[in-house]
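Working notes for the structure below.
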Amino acid sequence: MIRTGGVQQIARGLCQIMGREISKGNFNTNISQMTPRGTLQLPWSSINSVRTMAVLPWPFSFQPRDFSLPNSSWGSDMRRLYEHYNSQCEVETDDGEKKWGVWRRLPSYNRSLKYATGGVYLSKIIQSKARLFTRNIREQGAGFEYVVFVNKQEQKCVCVFQAGHLLEGPPGHVHGGAIATMIDTVTGTHATYLSGPVMTANLNINYRSPISLGSTVLLTCSLDKKEGRKTFVSCQVTNTDSSKLHTEATGLFLSITMGHLLGG
Ligand SMILES: CCCCC/C=C\C/C=C\C/C=C\C/C=C\CCCC(=O)SCCNC(=O)CCNC(=O)[C@H](O)C(C)(C)COP(=O)(O)OP(=O)(O)OC[C@H]1O[C@@H](n2cnc3c(N)ncnc32)[C@H](O)[C@@H]1OP(=O)(O)O
């Protein structure tokens, strides 16, 4: 049986992915996504009554920290690219008004749902310790430092990723599994942004040149095609000026129902 609370939490998580800022107690939606009556408009149809959710209490007991904002571990490349895309998230019109630009930064928290009982039932204690894989290293700069920006018009997204010292594979370089994790995360986030709830069905990765630990790289994802429930996304990992290809990948994401995630 699907708990409606779980569905509401997932919708809330998806709204995070889609770039809506969330504060304790309510959703603060982006202006460009608001209808005249103030309801959320999702670009896909699997959740059609988000309006009711806008008044539900925040399910977490703490004020969530957005991990995709600059911190002291970010190097100059990471900061420069963050500024480059962030400055295009909001533009000023000739008459001095601010409006959304072509890019949008996606906030990122260390977990998406409070309780998501799918598959084997987990106790509340275990559930309360669940953390999003890429956001579970406490020391700033030690693991996955990244920020994702999406461009709705061009149906593409970029991720600025700085690989920390805990991600070592070959000496001095990033582990292939850590690179795959980032590719899955960014392509999966992009597919979710475009198609709603999805799961990765297939990921193909070609490692072309190693990534130095501590360096900053760019993941650029684009939509290849959509066919029914299938969303095909490709991804290139390059150095910061895109002159060197490190990794390339393609992913297939299948749209799922809420029941699939919640063990239905
Ligand atoms: C993912 C969360 C979404 C919800 C989000 C909520 C909150 C979000 C907030 C924050 C999250 C932040 C970031 C998210 C970041 C990363 C995302 C990571 C995503 C993952 O890390 S996710 C884990 C790994 N992932 C799995 O654990 C999947 C295991 N798997 C399955 O759960 C099923 O396998 C499923 C559902 C994939 C399909 O099952 P199904 O029964 O629905 O569909 P079925 O098998 O019938 O296939 C229908 C058509 O797809 C074709 N097809 C199927 N599989 C194929 C394949 N591999 N290759 C080529 N074609 C394939 C068939 O051939 C058929 O094609 P046709 O219709 O043409 O005949």
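Chains: A, B, ... in order of the structure tokens. Residues: from 1 per chain. Ligands: from 1, in order shown.
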
Alpha helix (DSSP H) per DSSP on the backbone: members of region 61-172 of chain A, as a PyMOL selection string: chain A and resi 76-86+124-129

Region 215-255 of chain A: residues DSSP assigns to strand (DSSP E or B), reported as a PyMOL selection string: chain A and resi 216-227+230-238+245-255

Given only C-alpha atoms as the counted atoms, nearest of A:Met258, A:Val160, A:Val148, A:Leu245 to Asp77 (chain A):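 The closest residue to Asp77 (chain A) is A:Val160.
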
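CA of Leu213 (chain A) is positioned 6.7 Å from CA of Glu168 (chain A).
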